[in-house]
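Novice: Quick one, structure05.cif (mmCIF, C-alpha atoms):
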```
data_data
loop_
_atom_site.label_atom_id
_atom_site.label_comp_id
_atom_site.auth_asym_id
_atom_site.auth_seq_id
_atom_site.Cartn_x
_atom_site.Cartn_y
_atom_site.Cartn_z
CA MET A 2 0.00 0.00 0.00
CA LYS A 3 2.77 2.38 0.99
CA ILE A 4 4.61 1.76 -2.25
CA SER A 5 1.59 2.47 -4.39
CA VAL A 6 0.90 5.72 -2.53
CA HIS A 7 4.52 6.73 -3.09
CA SER A 8 4.50 5.92 -6.75
CA MET A 9 1.23 7.80 -7.13
CA LEU A 10 2.80 10.82 -5.49
CA ILE A 11 5.83 10.62 -7.75
CA ALA A 12 3.61 10.31 -10.80
CA LEU A 13 1.63 13.35 -9.66
CA LEU A 14 4.78 15.38 -9.08
CA CYS A 15 6.14 14.50 -12.52
CA ALA A 16 2.81 15.39 -14.11
CA SER A 17 2.72 18.82 -12.48
CA ALA A 18 6.37 19.53 -13.34
CA ALA A 19 5.69 18.75 -16.98
CA ALA A 20 2.41 20.68 -17.11
CA GLY A 21 3.99 23.91 -18.41
CA ALA A 22 5.70 22.14 -21.27
CA ASP A 23 2.52 20.28 -22.11
CA VAL A 24 0.44 23.41 -22.53
CA VAL A 25 2.99 25.10 -24.79
CA ASP A 26 3.49 21.96 -26.90
CA GLU A 27 -0.25 21.47 -27.19
CA ARG A 28 -0.71 25.12 -28.26
CA LEU A 29 2.12 24.94 -30.81
CA ALA A 30 0.51 21.86 -32.36
CA ALA A 31 -2.82 23.69 -32.49
CA TYR A 32 -1.23 26.75 -34.16
CA LYS A 33 0.49 24.47 -36.67
CA ALA A 34 -2.87 22.99 -37.52
CA GLN A 35 -3.98 26.57 -38.25
CA GLY A 36 -1.16 27.03 -40.76
CA ALA A 37 1.71 28.41 -38.68
CA ASN A 38 5.17 26.86 -38.66
CA GLY A 39 8.81 27.32 -37.71
CA PHE A 40 8.22 29.02 -34.36
CA SER A 41 11.02 31.20 -33.04
CA ALA A 42 11.69 32.61 -29.58
CA ALA A 43 13.86 35.33 -31.18
CA ALA A 44 10.94 36.50 -33.35
CA GLY A 45 8.77 36.50 -30.23
CA GLU A 46 11.24 38.72 -28.42
CA VAL A 47 11.41 41.20 -31.30
CA LEU A 48 7.63 41.53 -31.40
CA TRP A 49 7.47 41.73 -27.59
CA ASN A 50 9.53 44.92 -27.66
CA ARG A 51 8.22 46.48 -30.88
CA SER A 52 5.97 49.51 -30.28
CA PHE A 53 2.71 50.17 -32.05
CA LYS A 54 0.85 53.44 -32.13
CA ASN A 55 -2.69 53.06 -30.89
CA ALA A 56 -5.19 54.33 -33.48
CA LYS A 57 -7.58 55.78 -30.87
CA THR A 58 -5.27 57.39 -28.34
CA GLY A 59 -2.10 57.93 -30.36
CA GLU A 60 -0.03 56.45 -27.54
CA SER A 61 2.77 53.97 -28.14
CA ARG A 62 2.13 50.46 -26.82
CA ASN A 63 4.14 47.26 -26.52
CA CYS A 64 4.20 44.14 -24.32
CA ALA A 65 7.24 45.31 -22.38
CA ALA A 66 5.42 48.47 -21.27
CA CYS A 67 3.48 46.42 -18.72
CA HIS A 68 5.45 43.17 -18.46
CA THR A 69 8.96 44.71 -18.76
CA ALA A 70 11.55 43.49 -21.29
CA ASN A 71 13.01 40.99 -18.81
CA LEU A 72 10.41 38.29 -18.33
CA ARG A 73 11.95 37.28 -15.00
CA ASN A 74 10.84 40.60 -13.50
CA ALA A 75 7.42 41.57 -12.22
CA GLY A 76 5.60 44.19 -14.27
CA LYS A 77 2.89 46.75 -13.62
CA HIS A 78 -0.52 47.34 -15.20
CA ALA A 79 -0.27 50.56 -17.27
CA GLU A 80 -3.50 52.04 -15.94
CA THR A 81 -4.11 50.63 -12.45
CA GLY A 82 -0.51 50.06 -11.39
CA LYS A 83 -1.36 46.57 -10.13
CA VAL A 84 1.66 44.27 -9.98
CA ILE A 85 1.86 41.68 -12.77
CA GLU A 86 3.75 38.58 -11.64
CA PRO A 87 6.77 37.53 -13.76
CA MET A 88 6.05 35.76 -17.06
CA LYS A 89 8.87 33.17 -17.02
CA PRO A 90 7.66 29.76 -15.78
CA ALA A 91 11.14 29.29 -14.29
CA VAL A 92 10.45 32.02 -11.72
CA ASN A 93 6.64 31.83 -11.72
CA PRO A 94 5.55 28.19 -12.12
CA LYS A 95 1.88 29.17 -12.51
CA ARG A 96 2.59 30.61 -15.98
CA LEU A 97 1.68 28.63 -19.11
CA THR A 98 -0.20 25.96 -17.15
CA ASP A 99 -3.76 26.75 -18.27
CA VAL A 100 -4.75 26.86 -21.95
CA LYS A 101 -7.85 28.94 -21.20
CA GLN A 102 -5.81 31.61 -19.40
CA VAL A 103 -3.18 31.68 -22.16
CA GLU A 104 -5.77 32.27 -24.88
CA LYS A 105 -7.72 34.78 -22.79
CA TRP A 106 -4.67 36.96 -22.28
CA PHE A 107 -3.58 36.65 -25.93
CA LEU A 108 -7.01 37.86 -27.02
CA ARG A 109 -7.12 40.82 -24.62
CA ASN A 110 -3.53 41.91 -24.82
CA CYS A 111 -3.07 41.54 -28.59
CA LYS A 112 -6.20 43.62 -29.15
CA TRP A 113 -5.02 46.25 -26.69
CA THR A 114 -1.46 46.40 -27.99
CA TYR A 115 -1.93 45.88 -31.74
CA GLY A 116 -5.64 46.67 -32.21
CA ARG A 117 -6.18 43.14 -33.57
CA GLU A 118 -5.90 39.51 -32.55
CA CYS A 119 -2.47 37.89 -32.88
CA THR A 120 -1.88 35.33 -35.62
CA PRO A 121 -1.17 31.68 -34.69
CA GLN A 122 2.43 32.30 -35.82
CA GLU A 123 2.85 35.28 -33.47
CA LYS A 124 1.30 33.41 -30.56
CA GLY A 125 3.64 30.46 -31.07
CA ASP A 126 6.66 32.76 -31.21
CA PHE A 127 5.54 34.48 -28.00
CA LEU A 128 5.04 31.17 -26.18
CA LEU A 129 8.56 30.01 -27.06
CA PHE A 130 10.02 33.35 -26.00
CA ILE A 131 8.17 33.22 -22.68
CA ARG A 132 8.94 29.57 -21.96
CA ASN A 133 12.60 29.41 -23.05
CA MET B 3 -15.81 26.25 49.56
CA MET B 4 -17.35 24.40 46.70
CA LYS B 5 -19.69 27.27 46.05
CA ILE B 6 -16.90 29.82 45.93
CA ARG B 7 -14.90 27.70 43.54
CA TYR B 8 -17.91 27.26 41.38
CA GLY B 9 -18.48 31.00 41.37
CA THR B 10 -14.82 31.71 40.54
CA GLY B 11 -15.01 29.17 37.79
CA LEU B 12 -18.05 30.86 36.34
CA LEU B 13 -16.42 34.28 36.54
CA LEU B 14 -13.24 33.01 34.90
CA GLY B 15 -15.25 31.24 32.26
CA GLY B 16 -17.20 34.39 31.60
CA MET B 17 -14.02 36.45 31.27
CA LEU B 18 -12.53 33.91 28.91
CA ALA B 19 -15.66 33.90 26.82
CA LEU B 20 -15.61 37.70 26.65
CA SER B 21 -11.96 37.88 25.68
CA ASN B 22 -12.61 35.25 23.03
CA VAL B 23 -15.30 37.40 21.49
CA VAL B 24 -13.01 40.42 21.43
CA MET B 25 -10.18 38.40 19.93
CA ALA B 26 -12.38 36.80 17.31
CA ASP B 27 -13.94 40.10 16.29
CA GLY B 28 -10.93 42.31 15.94
CA ASP B 29 -12.84 45.03 14.14
CA SER B 30 -15.02 47.52 15.90
CA TYR B 31 -17.88 46.98 13.48
CA SER B 32 -18.51 43.42 14.56
CA ARG B 33 -18.29 44.33 18.23
CA ARG B 34 -20.97 46.93 17.77
CA GLY B 35 -23.05 44.38 15.97
CA LYS B 36 -22.61 46.00 12.56
CA SER B 37 -21.54 44.29 9.37
CA ALA B 38 -19.11 45.61 6.75
CA ASP B 39 -19.96 48.84 4.91
CA VAL B 40 -20.40 46.82 1.74
CA ALA B 41 -20.45 43.03 1.51
CA PRO B 42 -16.93 41.64 0.87
CA VAL B 43 -16.28 39.83 -2.40
CA ASN B 44 -17.08 36.12 -2.03
CA ASN B 45 -16.86 34.89 -5.60
CA THR B 46 -13.55 33.34 -6.65
CA ARG B 47 -14.19 33.70 -10.38
CA TYR B 48 -14.83 37.43 -10.00
CA ALA B 49 -11.85 37.87 -7.67
CA LYS B 50 -9.57 36.08 -10.12
CA GLU B 51 -10.75 37.45 -13.46
CA CYS B 52 -11.34 41.07 -12.44
CA GLY B 53 -8.97 41.30 -9.49
CA SER B 54 -5.95 40.36 -11.59
CA CYS B 55 -5.88 43.86 -13.13
CA HIS B 56 -7.43 46.07 -10.47
CA PHE B 57 -8.90 46.23 -6.98
CA ALA B 58 -11.81 43.79 -6.90
CA TYR B 59 -14.54 46.37 -6.34
CA GLN B 60 -17.39 44.94 -4.28
CA PRO B 61 -20.65 44.40 -6.19
CA GLY B 62 -22.41 46.57 -3.57
CA LEU B 63 -20.60 49.66 -4.90
CA LEU B 64 -22.83 50.00 -8.01
CA PRO B 65 -26.50 49.29 -8.76
CA ALA B 66 -27.50 46.28 -10.86
CA ARG B 67 -28.20 48.40 -13.96
CA SER B 68 -24.65 49.76 -13.85
CA TRP B 69 -23.09 46.28 -13.64
CA ARG B 70 -25.23 45.13 -16.58
CA LYS B 71 -24.05 48.08 -18.66
CA LEU B 72 -20.39 47.61 -17.70
CA MET B 73 -20.42 43.86 -18.32
CA GLY B 74 -22.04 44.47 -21.71
CA ASN B 75 -18.91 46.12 -23.06
CA LEU B 76 -15.78 44.37 -21.79
CA ALA B 77 -14.04 44.90 -25.14
CA ASP B 78 -13.74 48.58 -24.20
CA HIS B 79 -13.32 48.50 -20.43
CA PHE B 80 -12.25 52.06 -19.62
CA GLY B 81 -9.91 51.93 -22.59
CA ASP B 82 -8.57 48.46 -21.82
CA ASN B 83 -9.65 45.17 -23.37
CA ALA B 84 -11.12 42.90 -20.70
CA GLU B 85 -12.93 40.36 -22.87
CA LEU B 86 -13.81 37.06 -21.22
CA PRO B 87 -15.14 33.75 -22.50
CA GLN B 88 -18.95 33.98 -22.61
CA GLU B 89 -19.38 31.50 -19.77
CA ASP B 90 -17.14 33.49 -17.40
CA ALA B 91 -18.64 36.85 -18.36
CA ALA B 92 -22.16 35.53 -17.75
CA ALA B 93 -21.30 34.01 -14.36
CA ILE B 94 -19.55 37.18 -13.21
CA ALA B 95 -22.37 39.44 -14.43
CA ASP B 96 -24.83 37.26 -12.54
CA TYR B 97 -22.80 37.57 -9.32
CA LEU B 98 -22.44 41.35 -9.66
CA VAL B 99 -26.12 41.93 -10.43
CA LYS B 100 -27.39 39.69 -7.61
CA ASN B 101 -25.20 41.45 -5.04
CA ALA B 102 -25.52 44.98 -6.41
CA ALA B 103 -25.97 48.09 -4.24
CA ASP B 104 -29.71 48.26 -4.87
CA ARG B 105 -30.09 44.65 -3.73
CA SER B 106 -27.98 44.90 -0.59
CA ASN B 107 -28.83 45.93 2.97
CA HIS B 108 -25.28 46.90 3.78
CA ARG B 109 -25.02 50.45 5.08
CA ARG B 110 -23.03 52.11 2.33
CA SER B 111 -24.62 50.10 -0.48
CA VAL B 112 -27.96 51.57 0.61
CA LYS B 113 -26.46 55.09 0.61
CA ILE B 114 -24.93 54.55 -2.83
CA SER B 115 -28.22 53.32 -4.20
CA ASP B 116 -30.21 56.15 -2.60
CA SER B 117 -27.87 58.80 -4.02
CA LEU B 118 -28.74 57.81 -7.59
CA SER B 119 -31.85 58.76 -9.50
CA PRO B 120 -33.46 55.92 -11.48
CA GLY B 121 -32.22 57.42 -14.74
CA GLN B 122 -28.58 57.47 -13.64
CA THR B 123 -26.48 54.45 -14.63
CA PRO B 124 -22.85 55.29 -13.80
CA ILE B 125 -20.26 52.69 -14.74
CA ARG B 126 -17.57 54.53 -12.79
CA ILE B 127 -17.84 54.02 -9.03
CA SER B 128 -15.93 57.29 -8.67
CA GLN B 129 -18.89 59.10 -10.28
CA VAL B 130 -21.57 57.80 -7.92
CA PRO B 131 -22.96 60.92 -6.14
CA TYR B 132 -22.53 59.42 -2.65
CA ILE B 133 -18.90 58.46 -3.36
CA VAL B 134 -18.23 61.91 -4.87
CA SER B 135 -19.72 63.69 -1.85
CA LYS B 136 -17.67 61.59 0.60
CA HIS B 137 -14.43 62.63 -1.11
CA ASP B 138 -15.12 66.21 -2.15
CA GLU B 139 -13.25 67.84 0.75
CA ILE B 140 -10.00 66.01 0.12
CA PRO B 141 -7.56 68.24 -1.78
CA ALA B 142 -6.51 67.01 -5.24
CA ARG B 143 -2.84 66.95 -4.21
CA LEU B 144 -3.62 64.02 -1.88
CA ILE B 145 -5.35 61.99 -4.61
CA THR B 146 -4.62 62.80 -8.25
CA GLY B 147 -1.47 64.72 -7.30
CA ASN B 148 -0.27 61.92 -5.04
CA PRO B 149 1.93 59.42 -6.95
CA LYS B 150 1.02 56.69 -4.46
CA VAL B 151 -2.71 57.18 -5.00
CA LYS B 152 -3.13 58.73 -8.49
CA SER B 153 -6.87 58.35 -8.67
CA LEU B 154 -10.09 57.88 -6.73
CA THR B 155 -10.30 54.44 -8.34
CA GLN B 156 -7.54 53.15 -6.03
CA CYS B 157 -9.73 52.49 -2.96
CA GLN B 158 -7.13 50.33 -1.23
CA ALA B 159 -4.44 53.03 -1.47
CA CYS B 160 -6.04 54.92 1.46
CA HIS B 161 -8.76 52.64 2.86
CA SER B 162 -6.56 50.14 4.65
CA ARG B 163 -9.29 47.52 4.89
CA ALA B 164 -11.10 48.17 1.62
CA GLU B 165 -10.74 44.55 0.62
CA ALA B 166 -12.89 43.49 3.59
CA GLY B 167 -15.56 45.97 2.52
CA LEU B 168 -14.61 48.39 5.32
CA PHE B 169 -14.48 52.07 4.37
CA SER B 170 -14.69 53.77 7.79
CA GLU B 171 -12.99 57.16 7.95
CA HIS B 172 -11.18 55.92 11.06
CA GLU B 173 -9.28 53.44 8.94
CA ILE B 174 -8.00 55.87 6.34
CA ASN B 175 -4.26 56.23 5.81
CA ILE B 176 -3.45 58.53 2.90
CA PRO B 177 0.09 57.72 1.67
CA GLY B 178 2.46 60.55 2.54
CA HIS B 179 -0.23 62.25 4.64
CA GLY B 180 -1.76 59.89 7.20
CA PRO B 181 -5.24 59.69 8.69
CA TRP B 182 -8.11 61.79 7.39
CA GLU B 183 -11.03 62.84 9.54
CA ASP B 184 -13.94 64.37 7.69
CA ASP B 185 -15.60 67.13 9.73
#
```
Would you encode the structure as structure tokens?
Specialist:
Amino acid sequence: MKISVHSMLIALLCASAAAGADVVDERLAAYKAQGANGFSAAAGEVLWNRSFKNAKTGESRNCAACHTANLRNAGKHAETGKVIEPMKPAVNPKRLTDVKQVEKWFLRNCKWTYGRECTPQEKGDFLLFIRN
Amino acid sequence: MMKIRYGTGLLLGGMLALSNVVMADGDSYSRRGKSADVAPVNNTRYAKECGSCHFAYQPGLLPARSWRKLMGNLADHFGDNAELPQEDAAAIADYLVKNAADRSNHRRSVKISDSLSPGQTPIRISQVPYIVSKHDEIPARLITGNPKVKSLTQCQACHSRAEAGLFSEHEINIPGHGPWEDD
């Protein structure tokens, strides 16, 4: 009995440790199915820091404005000032563990930053940049 | 002898019971038999989805019609995009509407509701007449001119127990200034 409880625990621990990788891999496969390919963390980083002028307000927006350019650091919401926990799963294990959350934030933040949804290619690049 | 002991025991027991009450109810409201000014947030989905970007404003701070209007346009949420999957948006709207100011008996929810005419549907809590009147004597330099406050939307910056739905003026601590007594 003891052995089976132990092995169950170990299996659970392994499953939770691998959860982050699973979500990213699952998303990349889904984006591929939508026509994207050849994902690149470097391309994700370039887009992360590239500024876009908002059509309505004229202000310049990019991801780093709220999340900072170093994904190991905590950021700050542009309007409310609320702390945004670091993006890197290595320092914040809760990141990239929930597909629903990942897609929710892509939808909101791409629309806010670029005035449109991100393409599957862009989302894949971002996920690699954030995870790696 | 027995009787005295019994009496002492009773007295001690009574004192213990009293001190327990005081310890359990650390805030003066509970001791005076009053509840929070507005009901604290008790919905994890709301706390998570809305509280990740800003202070999780209690539903009792706006009337139901205001929450319906606000939740009907999350794509333009005060200039930000706060879109949610339909299922989450519906559940959160339901929670906000059912616990809105005009459906609550909490002291300040009633005052908020009473300060609005039926035709008024503010989506900014900071524009509710009761909230405006409670803050109108505070100089701008302590709010908008105060880098640690910035705006009336930052309840928790000065109301030290805002999260518990407590907005008593005795619990105000304005950053860089200190307590504020309205008189």
Novice: Show me which bits of chain A are within 7 Å of chain B, counting all atoms listed in the file, as a PyMOL selection string.
Specialist: chain A and resi 78+81+83+105+109+112-113
Novice: Which value, in Å to one decimal, gives the distance between CA of Tyr32 in chain A and CA of Tyr115 in chain A?
Specialist: 19.3 Å
Novice: Which residue out of A:Arg117, A:Gly82, A:Phe127, A:Lys54 has the minimum interatomic distance to Val103 in chain A when all atoms listed in the file are used?
Specialist: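 Looking at the shortest contact to Val103 in chain A, the residue is A:Phe127.
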Novice: Might you spell out which residues the PyMOL selection byres ((chain B and resi 115-132) around 8) would select in the displayed file, as a PyMOL selection string?
Specialist: chain B and resi 63-65+67-69+71-72+103-104+111-114+133-136+154-155
Novice: So that I can see what lies close to range 92-102 of chain A, please list as a PyMOL selection string the residues with an atom at most 12 Å from it, counting all atoms listed in the file and leaving out residues fewer than 2 positions away in the same chain.
Specialist: (chain A and resi 16-29+31+71-75+85-90+104-110+127-133) or (chain B and resi 50-51+54+85-87+89-90)
Novice: Go ahead and dump the residues you just picked, C-alpha atoms, as a compact mmCIF listing (two decimals), in the frame of the given file.
Specialist:
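What follows is the written file result05.txt:
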```txt
# COMPACT_ATOMS: atom_id res chain seq x y z
CA ALA A 16 2.81 15.39 -14.11
CA SER A 17 2.72 18.82 -12.48
CA ALA A 18 6.37 19.53 -13.34
CA ALA A 19 5.69 18.75 -16.98
CA ALA A 20 2.41 20.68 -17.11
CA GLY A 21 3.99 23.91 -18.41
CA ALA A 22 5.70 22.14 -21.27
CA ASP A 23 2.52 20.28 -22.11
CA VAL A 24 0.44 23.41 -22.53
CA VAL A 25 2.99 25.10 -24.79
CA ASP A 26 3.49 21.96 -26.90
CA GLU A 27 -0.25 21.47 -27.19
CA ARG A 28 -0.71 25.12 -28.26
CA LEU A 29 2.12 24.94 -30.81
CA ALA A 31 -2.82 23.69 -32.49
CA ASN A 71 13.01 40.99 -18.81
CA LEU A 72 10.41 38.29 -18.33
CA ARG A 73 11.95 37.28 -15.00
CA ASN A 74 10.84 40.60 -13.50
CA ALA A 75 7.42 41.57 -12.22
CA ILE A 85 1.86 41.68 -12.77
CA GLU A 86 3.75 38.58 -11.64
CA PRO A 87 6.77 37.53 -13.76
CA MET A 88 6.05 35.76 -17.06
CA LYS A 89 8.87 33.17 -17.02
CA PRO A 90 7.66 29.76 -15.78
CA GLU A 104 -5.77 32.27 -24.88
CA LYS A 105 -7.72 34.78 -22.79
CA TRP A 106 -4.67 36.96 -22.28
CA PHE A 107 -3.58 36.65 -25.93
CA LEU A 108 -7.01 37.86 -27.02
CA ARG A 109 -7.12 40.82 -24.62
CA ASN A 110 -3.53 41.91 -24.82
CA PHE A 127 5.54 34.48 -28.00
CA LEU A 128 5.04 31.17 -26.18
CA LEU A 129 8.56 30.01 -27.06
CA PHE A 130 10.02 33.35 -26.00
CA ILE A 131 8.17 33.22 -22.68
CA ARG A 132 8.94 29.57 -21.96
CA ASN A 133 12.60 29.41 -23.05
CA LYS B 50 -9.57 36.08 -10.12
CA GLU B 51 -10.75 37.45 -13.46
CA SER B 54 -5.95 40.36 -11.59
CA GLU B 85 -12.93 40.36 -22.87
CA LEU B 86 -13.81 37.06 -21.22
CA PRO B 87 -15.14 33.75 -22.50
CA GLU B 89 -19.38 31.50 -19.77
CA ASP B 90 -17.14 33.49 -17.40
```
Novice: Just the number, please: distance in Å from CA of Glu171 in chain B to CA of Cys157 in chain B, one decimal.
Specialist: 12.3 Å
Novice: Please measure the separation of CA of Lys100 in chain B and CA of Phe169 in chain B, giving the value in Å to one decimal.
Specialist: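 Atom-to-atom, CA of Lys100 in chain B to CA of Phe169 in chain B, that is 21.5 Å.
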Novice: Spell out the residues picked by the PyMOL selection byres ((chain A and resi 51) around 12) here, as an mmCIF file with C-alpha atoms, keeping the file's coordinate frame.
Specialist:
```cif
data_model
loop_
_atom_site.group_PDB
_atom_site.id
_atom_site.type_symbol
_atom_site.label_atom_id
_atom_site.label_comp_id
_atom_site.auth_asym_id
_atom_site.auth_seq_id
_atom_site.Cartn_x
_atom_site.Cartn_y
_atom_site.Cartn_z
ATOM 1 C CA ALA A 44 10.940 36.500 -33.350
ATOM 2 C CA GLY A 45 8.770 36.500 -30.230
ATOM 3 C CA GLU A 46 11.240 38.720 -28.420
ATOM 4 C CA VAL A 47 11.410 41.200 -31.300
ATOM 5 C CA LEU A 48 7.630 41.530 -31.400
ATOM 6 C CA TRP A 49 7.470 41.730 -27.590
ATOM 7 C CA ASN A 50 9.530 44.920 -27.660
ATOM 8 C CA SER A 52 5.970 49.510 -30.280
ATOM 9 C CA PHE A 53 2.710 50.170 -32.050
ATOM 10 C CA LYS A 54 0.850 53.440 -32.130
ATOM 11 C CA SER A 61 2.770 53.970 -28.140
ATOM 12 C CA ARG A 62 2.130 50.460 -26.820
ATOM 13 C CA ASN A 63 4.140 47.260 -26.520
ATOM 14 C CA CYS A 64 4.200 44.140 -24.320
ATOM 15 C CA ALA A 65 7.240 45.310 -22.380
ATOM 16 C CA ALA A 66 5.420 48.470 -21.270
ATOM 17 C CA ALA A 70 11.550 43.490 -21.290
ATOM 18 C CA THR A 114 -1.460 46.400 -27.990
ATOM 19 C CA TYR A 115 -1.930 45.880 -31.740
#
```
Novice: Evaluate the PyMOL selection byres ((chain B and resi 160-163) around 7) on the structure here and hand back the selected residues as JSON, numbers by chain.
Specialist: {"B": [157, 158, 159, 164, 165, 166, 167, 168, 169, 173, 174, 175, 176, 177]}
